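Undergrad: Once you've had a glance at the structure underneath, I'll fire off some questions.
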Amino acid sequence: MDVEDASRMEYRFQRNTYLVIVLALGAAIYWSGLRMAMGVLLGGALCLFNIRWLRGSVSGILSYAAAEQTGRVPSWTASKFILRYLIVGVVIAAAVWSGDFHPLGIGIGFAAFVGSVMIEAGYQIYRFLAGKEQIPEE
């Protein structure tokens, strides 16, 4: 896979994540009401926040490791992973405690990236079965 293919795939992941959030939000409003929709919206926002922060953390770790050539990463950089989960957990706990957000809706919204990956997997299977993508020979 070259850089252009990776860039297109990253774009599809982002687009599909937004698509899954919007579809889940519409389904929540239609079938479950405002509380579930608010949960999906919060979970989707946390999903996007989590993806963006994870991308930045991994990029920082890899760039530091490549620059230093030591294989060691500063403790603060590695602790950002734990801080990210702590912040997400506190926000979810506060939202559930408030009673304004449905916990299942939060989970569905937070899992939007999983839906995006499933859509991409289906697309790649379609491309392979349609003969548009060949398995690289090694």
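Numbering starts fresh at 1 for the residues of each chain in the structure tokens, the chains themselves are lettered A, B, ... in the order given, and ligands are numbered from 1 as they appear.
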Counting only C-alpha atoms, which residues of range 21-116 of chain A sit at most 10 Å from some atom of range 120-124 of chain A, and what is each one's closest atom pair with its distance in Å to one decimal, listed by chain and rising residue number, as JSON lines?
TA:
{"residue": "A:Val114", "atom": "CA", "partner": "A:Glu120", "partner_atom": "CA", "distance": 9.9}
{"residue": "A:Gly115", "atom": "CA", "partner": "A:Glu120", "partner_atom": "CA", "distance": 8.7}
{"residue": "A:Ser116", "atom": "CA", "partner": "A:Glu120", "partner_atom": "CA", "distance": 6.3}
Undergrad: Counting only C-alpha atoms, figure out which residue out of A:Ile92, A:Leu48, A:Ile87, A:Ile106 gets nearest to Met36 in chain A.
TA: A:Ile106
Undergrad: Hey, what does DSSP flag as alpha helix (DSSP H) within range 18-135 of chain A? Can you give it to me as a ChimeraX atom specification?
TA: /A:18-31,34-68,75-98,103-110,112-129
Undergrad: Can you work out the spacing between CA of Thr17 in chain A and CA of Ala37 in chain A in Å, to one decimal?
TA: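 It comes out at 16.3 Å.
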Undergrad: Write out as a PDB file with N, CA and C atoms, in the first residue's frame the residues lying within 12 Å of Val96 in chain A, counting only C-alpha atoms and excluding same-chain residues fewer than 4 positions away.
TA:
ATOM      1  N   ARG A  35     -33.249  11.345  24.883  1.00  0.00           N
ATOM      2  CA  ARG A  35     -32.210  10.911  25.825  1.00  0.00           C
ATOM      3  C   ARG A  35     -31.203   9.985  25.140  1.00  0.00           C
ATOM      4  N   MET A  36     -31.707   9.052  24.328  1.00  0.00           N
ATOM      5  CA  MET A  36     -30.810   8.153  23.593  1.00  0.00           C
ATOM      6  C   MET A  36     -30.019   8.948  22.554  1.00  0.00           C
ATOM      7  N   MET A  38     -29.134  12.055  22.683  1.00  0.00           N
ATOM      8  CA  MET A  38     -28.100  12.825  23.388  1.00  0.00           C
ATOM      9  C   MET A  38     -26.926  11.922  23.755  1.00  0.00           C
ATOM     10  N   GLY A  39     -27.226  10.676  24.146  1.00  0.00           N
ATOM     11  CA  GLY A  39     -26.165   9.724  24.447  1.00  0.00           C
ATOM     12  C   GLY A  39     -25.324   9.410  23.221  1.00  0.00           C
ATOM     13  N   LEU A  42     -23.139  12.479  22.435  1.00  0.00           N
ATOM     14  CA  LEU A  42     -21.996  12.577  23.349  1.00  0.00           C
ATOM     15  C   LEU A  42     -20.975  11.478  23.061  1.00  0.00           C
ATOM     16  N   GLY A  43     -21.445  10.254  22.871  1.00  0.00           N
ATOM     17  CA  GLY A  43     -20.534   9.150  22.565  1.00  0.00           C
ATOM     18  C   GLY A  43     -19.784   9.388  21.260  1.00  0.00           C
ATOM     19  N   GLY A  89     -13.550   8.517  30.682  1.00  0.00           N
ATOM     20  CA  GLY A  89     -14.318   7.854  31.741  1.00  0.00           C
ATOM     21  C   GLY A  89     -15.034   8.829  32.645  1.00  0.00           C
ATOM     22  N   VAL A  90     -14.374   9.922  32.999  1.00  0.00           N
ATOM     23  CA  VAL A  90     -14.998  10.933  33.861  1.00  0.00           C
ATOM     24  C   VAL A  90     -16.171  11.591  33.142  1.00  0.00           C
ATOM     25  N   VAL A  91     -16.003  11.898  31.860  1.00  0.00           N
ATOM     26  CA  VAL A  91     -17.096  12.514  31.096  1.00  0.00           C
ATOM     27  C   VAL A  91     -18.283  11.561  30.998  1.00  0.00           C
ATOM     28  N   ILE A  92     -18.015  10.292  30.716  1.00  0.00           N
ATOM     29  CA  ILE A  92     -19.104   9.312  30.621  1.00  0.00           C
ATOM     30  C   ILE A  92     -19.796   9.154  31.971  1.00  0.00           C
ATOM     31  N   ASP A 100     -29.260  12.684  31.879  1.00  0.00           N
ATOM     32  CA  ASP A 100     -29.702  13.270  30.609  1.00  0.00           C
ATOM     33  C   ASP A 100     -29.259  12.462  29.395  1.00  0.00           C
ATOM     34  N   PHE A 101     -28.339  11.526  29.595  1.00  0.00           N
ATOM     35  CA  PHE A 101     -27.763  10.762  28.494  1.00  0.00           C
ATOM     36  C   PHE A 101     -27.976   9.272  28.751  1.00  0.00           C
ATOM     37  N   HIS A 102     -28.435   8.552  27.751  1.00  0.00           N
ATOM     38  CA  HIS A 102     -28.639   7.114  27.908  1.00  0.00           C
ATOM     39  C   HIS A 102     -27.279   6.414  27.779  1.00  0.00           C
ATOM     40  N   PRO A 103     -26.945   5.534  28.723  1.00  0.00           N
ATOM     41  CA  PRO A 103     -25.638   4.852  28.670  1.00  0.00           C
ATOM     42  C   PRO A 103     -25.440   4.030  27.387  1.00  0.00           C
ATOM     43  N   LEU A 104     -26.498   3.379  26.912  1.00  0.00           N
ATOM     44  CA  LEU A 104     -26.380   2.605  25.672  1.00  0.00           C
ATOM     45  C   LEU A 104     -26.089   3.527  24.490  1.00  0.00           C
ATOM     46  N   GLY A 105     -26.715   4.688  24.470  1.00  0.00           N
ATOM     47  CA  GLY A 105     -26.460   5.666  23.418  1.00  0.00           C
ATOM     48  C   GLY A 105     -25.021   6.136  23.421  1.00  0.00           C
ATOM     49  N   ILE A 106     -24.475   6.350  24.625  1.00  0.00           N
ATOM     50  CA  ILE A 106     -23.071   6.751  24.728  1.00  0.00           C
ATOM     51  C   ILE A 106     -22.177   5.663  24.158  1.00  0.00           C
ATOM     52  N   GLY A 107     -22.480   4.418  24.499  1.00  0.00           N
ATOM     53  CA  GLY A 107     -21.686   3.299  23.982  1.00  0.00           C
ATOM     54  C   GLY A 107     -21.780   3.166  22.475  1.00  0.00           C
TER      55      GLY A 107
END
Undergrad: Which distance in Å separates CA of Ala78 in chain A and CA of Val117 in chain A, to one decimal?
TA: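 Atom-to-atom, CA of Ala78 in chain A and CA of Val117 in chain A are spaced 25.5 Å apart.
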Undergrad: Considering only C-alpha atoms, return as a list in words whatever protein or nucleic-acid residues lie within 12 Å of Leu62 in chain A, sequence-local ones (same chain, fewer than 4 positions apart) excluded.
TA: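 Final neighbour list, sorted by chain and number: Arg55, Gly56, Ser57, Val58, Ala66, Ala67, Glu68, Gln69, Thr70, Gly71, Arg72, Val73, Pro74, Thr77 and Ala78 of chain A.
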Undergrad: Using CA of Ala24 in chain A and CA of Cys47 in chain A as the two end points, give the distance in Å to one decimal.
TA: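 Atom-to-atom, CA of Ala24 in chain A to CA of Cys47 in chain A, that is 13.2 Å.
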Undergrad: Could you give me, as a ChimeraX atom specification, the residues within 10 Å of Arg84 in chain A, counting only C-alpha atoms and dropping anything in the same chain fewer than 2 positions from it?
TA: /A:49-50,53-54,57,79-82,86-89
Undergrad: Write the residues you've just listed into a file as a JSON list (two decimals), in the first residue's frame, and include C-alpha atoms for each of them.
TA:
[["chain", "number", "residue", "atom", "x", "y", "z"],
["A", 49, "PHE", "CA", -11.98, 13.26, 20.57],
["A", 50, "ASN", "CA", -10.45, 9.88, 21.37],
["A", 53, "TRP", "CA", -5.93, 12.48, 20.76],
["A", 54, "LEU", "CA", -4.77, 8.93, 20.04],
["A", 57, "SER", "CA", -0.12, 10.70, 21.05],
["A", 79, "SER", "CA", 0.97, 8.68, 30.44],
["A", 80, "LYS", "CA", -1.14, 10.62, 27.92],
["A", 81, "PHE", "CA", -2.71, 7.27, 27.00],
["A", 82, "ILE", "CA", -3.91, 6.80, 30.58],
["A", 86, "LEU", "CA", -9.41, 8.90, 32.50],
["A", 87, "ILE", "CA", -10.93, 11.98, 30.87],
["A", 88, "VAL", "CA", -13.27, 9.90, 28.70],
["A", 89, "GLY", "CA", -14.32, 7.85, 31.74]]
Undergrad: Could you list, as a list of chain:residue names, every residue within 7 Å of Leu25 in chain A, counting only C-alpha atoms and ignoring same-chain residues fewer than 4 positions away?
TA: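 The neighbour list is A:Ile21, A:Ile29, A:Ala37, A:Val40, A:Leu41.
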